[in-house]
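Novice: Handing over upload.cif, mmCIF, C-alpha atoms.
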```cif
data_data
#
loop_
_atom_site.group_PDB
_atom_site.id
_atom_site.type_symbol
_atom_site.label_atom_id
_atom_site.label_comp_id
_atom_site.auth_asym_id
_atom_site.auth_seq_id
_atom_site.Cartn_x
_atom_site.Cartn_y
_atom_site.Cartn_z
ATOM 1 C CA MET J 1 66.419 81.246 139.759
ATOM 2 C CA ASP J 2 66.508 77.756 138.273
ATOM 3 C CA ARG J 3 70.218 77.104 137.831
ATOM 4 C CA THR J 4 69.657 74.080 135.638
ATOM 5 C CA ALA J 5 68.044 76.393 133.097
ATOM 6 C CA ILE J 6 71.311 78.248 132.492
ATOM 7 C CA LYS J 7 72.311 77.271 129.018
ATOM 8 C CA SER J 8 75.718 75.922 128.297
ATOM 9 C CA VAL J 9 77.587 78.243 125.945
ATOM 10 C CA THR J 10 80.313 77.316 123.513
ATOM 11 C CA CYS J 11 83.647 79.016 123.046
ATOM 12 C CA GLU J 12 82.503 80.279 119.656
ATOM 13 C CA GLU J 13 79.375 81.803 121.168
ATOM 14 C CA CYS J 14 81.466 83.570 123.787
ATOM 15 C CA ILE J 15 83.640 85.193 121.162
ATOM 16 C CA GLU J 16 80.734 86.253 118.978
ATOM 17 C CA VAL J 17 78.955 88.271 121.686
ATOM 18 C CA LEU J 18 81.923 89.975 123.283
ATOM 19 C CA VAL J 19 80.706 93.408 122.146
ATOM 20 C CA ASP J 20 77.519 93.055 124.199
ATOM 21 C CA TYR J 21 79.356 91.499 127.134
ATOM 22 C CA ILE J 22 81.902 94.304 127.335
ATOM 23 C CA ASP J 23 79.243 96.997 126.793
ATOM 24 C CA GLY J 24 77.289 95.541 129.704
ATOM 25 C CA THR J 25 74.130 95.202 127.611
ATOM 26 C CA MET J 26 73.730 91.463 128.070
ATOM 27 C CA ASP J 27 70.913 90.258 130.314
ATOM 28 C CA ALA J 28 71.885 88.927 133.716
ATOM 29 C CA ILE J 29 71.084 85.287 132.969
ATOM 30 C CA THR J 30 73.210 85.258 129.846
ATOM 31 C CA VAL J 31 76.041 87.019 131.697
ATOM 32 C CA GLU J 32 75.910 84.282 134.306
ATOM 33 C CA ALA J 33 76.126 81.593 131.613
ATOM 34 C CA PHE J 34 79.091 83.281 129.971
ATOM 35 C CA GLU J 35 80.937 83.886 133.190
ATOM 36 C CA ALA J 36 80.376 80.277 134.174
ATOM 37 C CA HIS J 37 82.006 79.299 130.867
ATOM 38 C CA PHE J 38 84.906 81.707 131.375
ATOM 39 C CA SER J 39 85.604 80.341 134.837
ATOM 40 C CA ASP J 40 85.980 76.833 133.371
ATOM 41 C CA CYS J 41 87.723 77.701 130.135
ATOM 42 C CA PRO J 42 91.167 79.318 130.511
ATOM 43 C CA PRO J 43 91.614 79.857 126.744
ATOM 44 C CA CYS J 44 88.358 81.843 126.601
ATOM 45 C CA THR J 45 89.409 83.803 129.678
ATOM 46 C CA ASP J 46 92.722 84.603 127.992
ATOM 47 C CA PHE J 47 90.896 85.538 124.804
ATOM 48 C CA LEU J 48 88.647 87.936 126.722
ATOM 49 C CA LYS J 49 91.650 89.511 128.443
ATOM 50 C CA THR J 50 93.506 89.993 125.180
ATOM 51 C CA TYR J 51 90.357 91.366 123.503
ATOM 52 C CA LYS J 52 90.014 93.939 126.302
ATOM 53 C CA THR J 53 93.741 94.705 126.104
ATOM 54 C CA THR J 54 93.379 95.435 122.395
ATOM 55 C CA ILE J 55 90.763 98.056 123.242
ATOM 56 C CA SER J 56 92.691 99.643 126.117
ATOM 57 C CA VAL J 57 96.028 99.710 124.262
ATOM 58 C CA SER J 58 94.378 101.311 121.251
ATOM 59 C CA ARG J 59 92.671 103.926 123.394
ATOM 60 C CA ARG J 60 95.934 104.845 125.079
ATOM 61 C CA THR J 61 97.791 104.932 121.773
ATOM 62 C CA PHE J 62 95.314 106.820 119.639
ATOM 63 C CA ASP J 63 93.751 109.300 122.025
ATOM 64 C CA GLU J 64 96.262 112.012 121.258
ATOM 65 C CA PRO J 65 96.062 115.624 122.351
ATOM 66 C CA ILE J 66 95.934 118.380 119.764
ATOM 67 C CA PRO J 67 99.336 120.090 119.610
ATOM 68 C CA GLU J 68 99.221 123.607 120.984
ATOM 69 C CA ALA J 69 100.552 125.109 117.764
ATOM 70 C CA VAL J 70 97.811 123.389 115.756
ATOM 71 C CA SER J 71 95.172 124.661 118.164
ATOM 72 C CA THR J 72 96.554 128.194 117.961
ATOM 73 C CA ARG J 73 96.548 128.150 114.172
ATOM 74 C CA LEU J 74 93.035 126.692 114.146
ATOM 75 C CA ARG J 75 91.639 129.477 116.316
ATOM 76 C CA SER J 76 93.459 132.143 114.347
ATOM 77 C CA PHE J 77 92.100 130.724 111.079
ATOM 78 C CA LEU J 78 88.553 130.602 112.411
ATOM 79 C CA ARG J 79 88.690 134.121 113.851
ATOM 80 C CA GLN J 80 89.849 135.394 110.496
ATOM 81 C CA LYS J 81 87.100 133.584 108.604
ATOM 82 C CA CYS J 82 84.173 133.788 111.009
ATOM 83 C CA GLN J 83 84.436 136.598 113.493
ATOM 84 C CA GLY J 84 82.032 139.382 112.653
ATOM 85 C CA LYS J 85 79.788 137.064 110.618
ATOM 86 C CA LYS J 86 76.869 134.948 111.731
ATOM 87 C CA PRO J 87 76.198 131.359 110.621
ATOM 88 C CA GLY J 88 74.428 131.355 107.263
ATOM 89 C CA GLN J 89 75.736 134.733 106.176
ATOM 90 C CA ASP J 90 77.677 134.994 102.968
ATOM 91 C CA PHE J 91 81.248 133.958 103.637
ATOM 92 C CA MET E 92 77.881 125.646 134.875
ATOM 93 C CA PRO E 93 79.167 125.231 131.343
ATOM 94 C CA ASP E 94 76.631 125.576 128.548
ATOM 95 C CA ASN E 95 75.398 122.367 126.987
ATOM 96 C CA ASP E 96 75.668 122.012 123.233
ATOM 97 C CA GLN E 97 72.189 123.415 122.498
ATOM 98 C CA GLU E 98 72.834 126.497 124.578
ATOM 99 C CA LEU E 99 76.088 127.060 122.708
ATOM 100 C CA ILE E 100 74.310 126.653 119.368
ATOM 101 C CA ASP E 101 71.721 129.251 120.342
ATOM 102 C CA ARG E 102 74.375 131.722 121.450
ATOM 103 C CA ILE E 103 76.495 131.188 118.319
ATOM 104 C CA ARG E 104 73.478 131.720 116.068
ATOM 105 C CA SER E 105 72.789 134.993 117.790
ATOM 106 C CA GLY E 106 76.310 136.183 116.962
ATOM 107 C CA ASP E 107 78.192 135.330 120.168
ATOM 108 C CA TYR E 108 81.598 134.343 118.791
ATOM 109 C CA SER E 109 82.966 133.477 122.242
ATOM 110 C CA ALA E 110 80.391 130.670 122.391
ATOM 111 C CA PHE E 111 81.869 129.272 119.172
ATOM 112 C CA GLU E 112 85.316 129.343 120.747
ATOM 113 C CA VAL E 113 83.918 127.297 123.636
ATOM 114 C CA LEU E 114 82.544 124.809 121.117
ATOM 115 C CA VAL E 115 85.930 124.637 119.399
ATOM 116 C CA SER E 116 87.616 123.984 122.768
ATOM 117 C CA ARG E 117 85.117 121.236 123.452
ATOM 118 C CA TYR E 118 85.647 119.381 120.183
ATOM 119 C CA GLU E 119 89.026 120.336 118.693
ATOM 120 C CA ARG E 120 90.905 117.438 120.297
ATOM 121 C CA LYS E 121 88.298 114.897 119.160
ATOM 122 C CA VAL E 122 88.202 116.270 115.618
ATOM 123 C CA TYR E 123 91.973 116.402 115.292
ATOM 124 C CA ALA E 124 92.512 112.916 116.798
ATOM 125 C CA LEU E 125 89.919 111.347 114.512
ATOM 126 C CA ALA E 126 91.228 113.122 111.419
ATOM 127 C CA LEU E 127 94.782 112.131 112.286
ATOM 128 C CA LYS E 128 93.960 108.468 112.714
ATOM 129 C CA LEU E 129 91.836 108.336 109.583
ATOM 130 C CA THR E 130 94.418 110.031 107.345
ATOM 131 C CA GLY E 131 97.672 109.157 109.106
ATOM 132 C CA ASN E 132 98.973 112.609 108.267
ATOM 133 C CA GLN E 133 99.397 115.563 110.633
ATOM 134 C CA ALA E 134 99.176 118.258 107.966
ATOM 135 C CA ASP E 135 95.993 116.732 106.556
ATOM 136 C CA ALA E 136 94.522 116.420 110.048
ATOM 137 C CA GLU E 137 95.187 120.091 110.732
ATOM 138 C CA GLU E 138 93.633 121.147 107.447
ATOM 139 C CA ILE E 139 90.622 118.927 108.096
ATOM 140 C CA ALA E 140 90.134 120.428 111.566
ATOM 141 C CA GLN E 141 90.073 123.915 110.071
ATOM 142 C CA ASP E 142 87.635 122.875 107.334
ATOM 143 C CA VAL E 143 85.382 121.045 109.790
ATOM 144 C CA PHE E 144 84.955 123.926 112.191
ATOM 145 C CA LEU E 145 84.522 126.412 109.362
ATOM 146 C CA THR E 146 81.779 124.196 107.915
ATOM 147 C CA ILE E 147 80.123 123.814 111.301
ATOM 148 C CA TYR E 148 80.080 127.571 111.802
ATOM 149 C CA GLN E 149 78.813 128.320 108.312
ATOM 150 C CA LYS E 150 76.029 125.736 108.439
ATOM 151 C CA LEU E 151 74.971 126.040 112.052
ATOM 152 C CA ASP E 152 71.936 128.044 111.020
ATOM 153 C CA THR E 153 70.594 125.005 109.126
ATOM 154 C CA PHE E 154 71.424 122.404 111.780
ATOM 155 C CA ARG E 155 68.020 121.069 112.786
ATOM 156 C CA GLY E 156 69.048 119.095 115.852
ATOM 157 C CA GLU E 157 67.672 115.781 114.537
ATOM 158 C CA SER E 158 70.946 114.214 115.624
ATOM 159 C CA LEU E 159 73.365 115.261 118.319
ATOM 160 C CA LEU E 160 75.715 118.108 117.529
ATOM 161 C CA SER E 161 78.596 115.742 118.308
ATOM 162 C CA SER E 162 77.299 113.185 115.755
ATOM 163 C CA TRP E 163 77.161 115.893 113.120
ATOM 164 C CA ILE E 164 80.700 117.065 113.913
ATOM 165 C CA TYR E 165 82.062 113.513 113.725
ATOM 166 C CA ARG E 166 80.235 112.904 110.447
ATOM 167 C CA VAL E 167 81.654 116.057 108.880
ATOM 168 C CA THR E 168 85.117 115.081 110.130
ATOM 169 C CA ALA E 169 84.930 111.547 108.733
ATOM 170 C CA ASN E 170 83.615 112.747 105.383
ATOM 171 C CA ALA E 171 86.388 115.325 105.136
ATOM 172 C CA ALA E 172 89.024 112.736 106.010
ATOM 173 C CA PHE E 173 87.769 110.175 103.484
ATOM 174 C CA MET E 174 87.587 112.878 100.828
ATOM 175 C CA LYS E 175 91.193 113.778 101.577
ATOM 176 C CA LEU E 176 92.220 110.115 101.248
ATOM 177 C CA ARG E 177 90.412 109.764 97.921
ATOM 178 C CA ASP E 178 92.077 112.900 96.597
ATOM 179 C CA ARG E 179 95.406 111.505 97.680
ATOM 180 C CA ARG E 180 94.723 108.222 95.870
ATOM 181 C CA LYS E 181 93.708 110.025 92.696
ATOM 182 C CA ARG E 182 96.824 112.185 92.766
ATOM 183 C CA ALA E 183 99.019 109.145 93.304
ATOM 184 C CA LYS E 184 97.252 107.315 90.444
ATOM 185 C CA VAL E 185 98.352 104.057 92.040
ATOM 186 C CA PRO E 186 95.836 101.278 92.646
ATOM 187 C CA PHE E 187 95.259 100.346 96.258
ATOM 188 C CA GLU E 188 97.928 98.011 97.568
ATOM 189 C CA GLU E 189 97.366 96.281 100.832
ATOM 190 C CA GLY E 190 99.367 97.836 103.612
ATOM 191 C CA THR E 191 100.096 101.079 101.779
ATOM 192 C CA ALA E 192 96.811 102.930 101.937
ATOM 193 C CA THR E 193 93.453 102.802 103.617
ATOM 194 C CA PRO E 194 91.161 100.531 101.653
ATOM 195 C CA GLU E 195 87.886 102.069 100.584
ATOM 196 C CA GLY E 196 84.717 101.488 102.514
ATOM 197 C CA GLY E 197 83.288 98.123 101.460
ATOM 198 C CA ASP E 198 83.123 94.967 103.529
ATOM 199 C CA ASP E 199 84.810 93.076 100.687
ATOM 200 C CA ASN E 200 88.045 94.832 101.579
ATOM 201 C CA MET E 201 87.977 93.718 105.229
ATOM 202 C CA PRO E 202 91.061 91.534 105.830
ATOM 203 C CA ALA E 203 90.216 87.977 106.884
ATOM 204 C CA VAL E 204 90.124 87.414 110.609
ATOM 205 C CA THR E 205 90.408 84.168 112.478
ATOM 206 C CA ALA E 206 89.578 84.164 116.159
ATOM 207 C CA THR E 207 92.651 82.180 117.075
ATOM 208 C CA TYR E 208 93.286 81.464 120.671
ATOM 209 C CA PRO E 209 96.254 83.235 122.272
ATOM 210 C CA GLN E 210 99.381 81.522 123.422
ATOM 211 C CA GLY E 211 98.424 82.364 126.956
ATOM 212 C CA ASP E 212 97.478 85.848 128.049
ATOM 213 C CA TRP E 213 99.847 88.337 126.449
ATOM 214 C CA SER E 214 98.132 91.391 127.922
ATOM 215 C CA THR E 215 100.992 92.203 130.284
ATOM 216 C CA SER E 216 103.535 92.015 127.456
ATOM 217 C CA ALA E 217 101.399 94.341 125.337
ATOM 218 C CA ASP E 218 101.138 96.856 128.167
ATOM 219 C CA ALA E 219 104.902 96.704 128.632
ATOM 220 C CA MET E 220 105.503 97.290 124.911
ATOM 221 C CA LEU E 221 103.152 100.267 125.064
ATOM 222 C CA GLU E 222 105.050 101.704 128.036
ATOM 223 C CA ARG E 223 108.314 101.324 126.107
ATOM 224 C CA GLY E 224 106.797 103.254 123.198
ATOM 225 C CA GLU E 225 107.023 100.286 120.849
ATOM 226 C CA LEU E 226 103.416 99.877 119.849
ATOM 227 C CA GLY E 227 102.231 103.221 118.528
ATOM 228 C CA ALA E 228 103.607 102.962 114.993
ATOM 229 C CA LYS E 229 102.706 99.272 114.704
ATOM 230 C CA LEU E 230 99.118 99.850 115.763
ATOM 231 C CA SER E 231 98.825 102.786 113.364
ATOM 232 C CA ASP E 232 100.038 100.502 110.547
ATOM 233 C CA ALA E 233 97.529 97.844 111.573
ATOM 234 C CA ILE E 234 94.598 100.216 111.704
ATOM 235 C CA ALA E 235 95.511 101.559 108.276
ATOM 236 C CA LEU E 236 94.744 98.103 106.856
ATOM 237 C CA LEU E 237 91.103 98.336 107.903
ATOM 238 C CA PRO E 238 88.500 99.535 105.379
ATOM 239 C CA GLU E 239 87.246 103.068 106.023
ATOM 240 C CA LYS E 240 83.965 102.218 107.743
ATOM 241 C CA PHE E 241 85.550 99.576 110.012
ATOM 242 C CA LYS E 242 88.333 101.959 111.011
ATOM 243 C CA LEU E 243 85.908 104.796 111.662
ATOM 244 C CA ILE E 244 83.591 102.644 113.784
ATOM 245 C CA PHE E 245 86.512 101.295 115.809
ATOM 246 C CA LEU E 246 87.920 104.783 116.446
ATOM 247 C CA LEU E 247 84.541 106.254 117.358
ATOM 248 C CA LYS E 248 83.829 103.452 119.820
ATOM 249 C CA ASP E 249 87.132 102.495 121.381
ATOM 250 C CA VAL E 250 89.016 105.793 121.198
ATOM 251 C CA GLN E 251 86.300 108.457 121.232
ATOM 252 C CA GLY E 252 83.971 106.474 123.487
ATOM 253 C CA LEU E 253 80.722 106.950 121.580
ATOM 254 C CA SER E 254 77.763 104.661 122.186
ATOM 255 C CA ASN E 255 76.705 102.193 119.489
ATOM 256 C CA GLU E 256 73.609 104.300 118.872
ATOM 257 C CA GLU E 257 75.638 107.478 118.331
ATOM 258 C CA ILE E 258 77.977 105.652 115.988
ATOM 259 C CA ALA E 259 75.026 104.282 114.020
ATOM 260 C CA ASP E 260 73.850 107.885 113.604
ATOM 261 C CA VAL E 261 77.267 109.080 112.445
ATOM 262 C CA VAL E 262 77.827 106.292 109.893
ATOM 263 C CA ASN E 263 74.176 105.887 108.875
ATOM 264 C CA MET E 264 74.004 102.177 109.672
ATOM 265 C CA SER E 265 71.916 100.048 111.997
ATOM 266 C CA VAL E 266 73.211 99.293 115.489
ATOM 267 C CA PRO E 267 73.650 95.554 114.703
ATOM 268 C CA ALA E 268 75.697 96.500 111.613
ATOM 269 C CA VAL E 269 77.874 98.789 113.746
ATOM 270 C CA LYS E 270 78.418 96.065 116.356
ATOM 271 C CA SER E 271 79.319 93.480 113.753
ATOM 272 C CA ARG E 272 81.913 95.731 112.127
ATOM 273 C CA LEU E 273 83.260 96.859 115.481
ATOM 274 C CA HIS E 274 83.767 93.259 116.555
ATOM 275 C CA ARG E 275 85.507 92.313 113.317
ATOM 276 C CA ALA E 276 87.779 95.351 113.534
ATOM 277 C CA ARG E 277 88.686 94.482 117.127
ATOM 278 C CA LEU E 278 89.380 90.845 116.213
ATOM 279 C CA PHE E 279 91.654 91.947 113.384
ATOM 280 C CA LEU E 280 93.583 94.412 115.558
ATOM 281 C CA ARG E 281 93.798 91.836 118.337
ATOM 282 C CA GLU E 282 95.351 89.391 115.915
ATOM 283 C CA LYS E 283 97.905 91.988 114.738
ATOM 284 C CA LEU E 284 98.711 92.901 118.327
ATOM 285 C CA GLN E 285 99.273 89.220 119.111
ATOM 286 C CA GLU E 286 101.749 88.980 116.207
ATOM 287 C CA TYR E 287 103.659 92.017 117.461
ATOM 288 C CA VAL E 288 103.799 90.782 121.041
ATOM 289 C CA GLU E 289 104.853 87.267 120.045
ATOM 290 C CA GLY E 290 107.503 88.699 117.740
ATOM 291 C CA ASP E 291 108.785 90.901 120.540
ATOM 292 C CA ASN E 292 108.843 87.946 122.957
ATOM 293 C CA ARG E 293 110.836 85.855 120.489
ATOM 294 C CA ALA E 294 113.294 88.699 119.935
ATOM 295 C CA ARG E 295 113.773 88.991 123.681
ATOM 296 C CA GLY E 296 114.333 85.243 123.982
ATOM 297 C CA GLY E 297 111.003 84.498 125.643
ATOM 298 C CA THR E 298 108.900 81.487 124.771
ATOM 299 C CA SER E 299 105.160 81.347 124.246
ATOM 300 C CA ALA E 300 103.070 79.222 126.572
ATOM 301 C CA SER E 301 101.777 76.072 124.941
ATOM 302 C CA LYS E 302 98.483 76.524 123.203
ATOM 303 C CA SER E 303 95.747 75.036 125.366
ATOM 304 C CA HIS E 304 92.948 75.073 122.828
ATOM 305 C CA GLY E 305 92.410 74.672 119.114
ATOM 306 C CA ARG E 306 90.319 76.804 116.775
ATOM 307 C CA THR E 307 87.136 78.162 118.191
ATOM 308 C CA GLY E 308 84.769 75.425 119.232
ATOM 309 C CA GLU E 309 86.674 72.592 117.590
ATOM 310 C CA ASP E 310 87.874 70.766 120.664
ATOM 311 C CA ASP E 311 85.133 71.519 123.124
ATOM 312 C CA GLU E 312 82.004 72.195 121.177
ATOM 313 C CA ASP E 313 79.556 71.944 124.041
ATOM 314 C CA GLY E 314 81.481 73.961 126.572
ATOM 315 C CA PRO E 315 81.739 73.080 130.232
ATOM 316 C CA ASP E 316 78.894 71.813 132.333
ATOM 317 C CA SER E 317 77.450 75.019 133.687
ATOM 318 C CA ASP E 318 74.736 73.571 135.862
ATOM 319 C CA GLN E 319 76.658 74.247 139.034
ATOM 320 C CA LYS E 320 76.360 77.525 140.844
ATOM 321 C CA ARG E 321 79.522 79.536 140.431
ATOM 322 C CA ASP E 322 80.878 82.554 142.128
ATOM 323 C CA VAL E 323 81.348 85.317 139.609
#
```
Would you mind writing the file out in structure tokens?
Specialist:
Amino acid sequence: MDRTAIKSVTCEECIEVLVDYIDGTMDAITVEAFEAHFSDCPPCTDFLKTYKTTISVSRRTFDEPIPEAVSTRLRSFLRQKCQGKKPGQDF
Amino acid sequence: MPDNDQELIDRIRSGDYSAFEVLVSRYERKVYALALKLTGNQADAEEIAQDVFLTIYQKLDTFRGESLLSSWIYRVTANAAFMKLRDRRKRAKVPFEEGTATPEGGDDNMPAVTATYPQGDWSTSADAMLERGELGAKLSDAIALLPEKFKLIFLLKDVQGLSNEEIADVVNMSVPAVKSRLHRARLFLREKLQEYVEGDNRARGGTSASKSHGRTGEDDEDGPDSDQKRDV
């Protein structure tokens, strides 16, 4: 691979394509260019870390289990409404 | 081996109610969590979950399989949640005020975001606040400020773990449109999280590290020289 062909990326470009970078859908050459930038740019590295933290904190906060009582009431409701009938029948 | 979704659909259509209970087990947590985050109300979320699964059962005979069953379930859930929010707004007869209700769908209602650089890496502080139980309510307040579509896309991607393609199917948008809104939602929430963490640090007597960079691209427009080989 011709290393001199790796384009220099700006901080703004790094931020704009974070979705693709984190999803792992960026091509290998572009990944190399971005990671070269990150390794030389502590603010961008910090930005990436805090961007990822935003995602992980949100996932841990919002991925809540369904309370058992709610689940019980849900199943009871559905049995009452649906059991004995097929989809499409007159409810 | 557990049935996949299509096998469950076939069994439910033939009158096997136990297959429907398997489907409910598979999706009840996702439906409830999404409804709860979209409406911010436990009673509404419970009612929505009941309505969603009733609708799914009633209409399963007409489900053509052009999208994934999961996409359909999420779409029904989101529509039910947004309908509930609109009914609530109508009953309140109060115009939308920022910070008090979920703004309606359009991009015009997306709060402005600036990709400001952090005062150092506050990730560890954020994790610590989460462990202490201090972030849940604040993050819920922050997400409530997002317009409906932005909030939905963020939740589907970063909480429910859907692919961009599945999300595009649920919200009826292109993948680039989904990615753009996802990114803007993340930037907004990141900014709010930074405010909370910095506020918490100040309250605890900590000091922020000095800012090492200005606004995006202003101080170092061309980026570093990346001709050298680097270990990554």
Novice: What does the PyMOL selection byres ((chain J and resi 48-63) around 8) select in this file, as a ChimeraX atom specification?
Specialist: /J:15,18,44-47,64-65 /E:124,128,209,212-214,217-218,221,226-227,230,249-251,277-278,280-281,284
Novice: Given only C-alpha atoms as the basis, pick out the residue of E:Glu138, E:Asp152, E:Asp291, E:Asp107 nearest to chain J.
Specialist: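 Smallest distance to chain J is found for E:Asp152.
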Novice: Can you work out which one of J:Glu12, J:Asp20, J:Asp27, J:Asp90 has the shortest atom-to-atom distance to Pro43 in chain J, counting all atoms listed in the file?
Specialist: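 Of J:Glu12, J:Asp20, J:Asp27, J:Asp90, the one nearest Pro43 in chain J, counting all atoms listed in the file, is J:Glu12.
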Novice: Neighbouring residues of Leu273 in chain E were defined as those with any atom within 9 Å, considering all atoms listed in the file; residues of the same chain fewer than 5 positions away were excluded. Please report them as a PyMOL selection string.
Specialist: (chain J and resi 19) or (chain E and resi 241-242+244-245+248+268+278)
Novice: What's the separation between CA of Lys121 in chain E and CA of Asn170 in chain E, in Å to one decimal place?
Specialist: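 CA of Asn170 in chain E lies 14.7 Å from CA of Lys121 in chain E.
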Novice: What's around Ile66 in chain J at 8 Å? Count all atoms listed in the file, leave out sequence neighbours fewer than 3 positions away in its own chain, and write the answer as JSON, numbers by chain.
Specialist: {"J": [70, 71], "E": [119, 120, 123, 124]}
Novice: For CA of Ser271 in chain E and CA of Asp40 in chain J, quote the distance in Å rounded to one decimal.
Specialist: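 Taking CA of Ser271 in chain E as the start and CA of Asp40 in chain J as the end point, the length is 26.6 Å.
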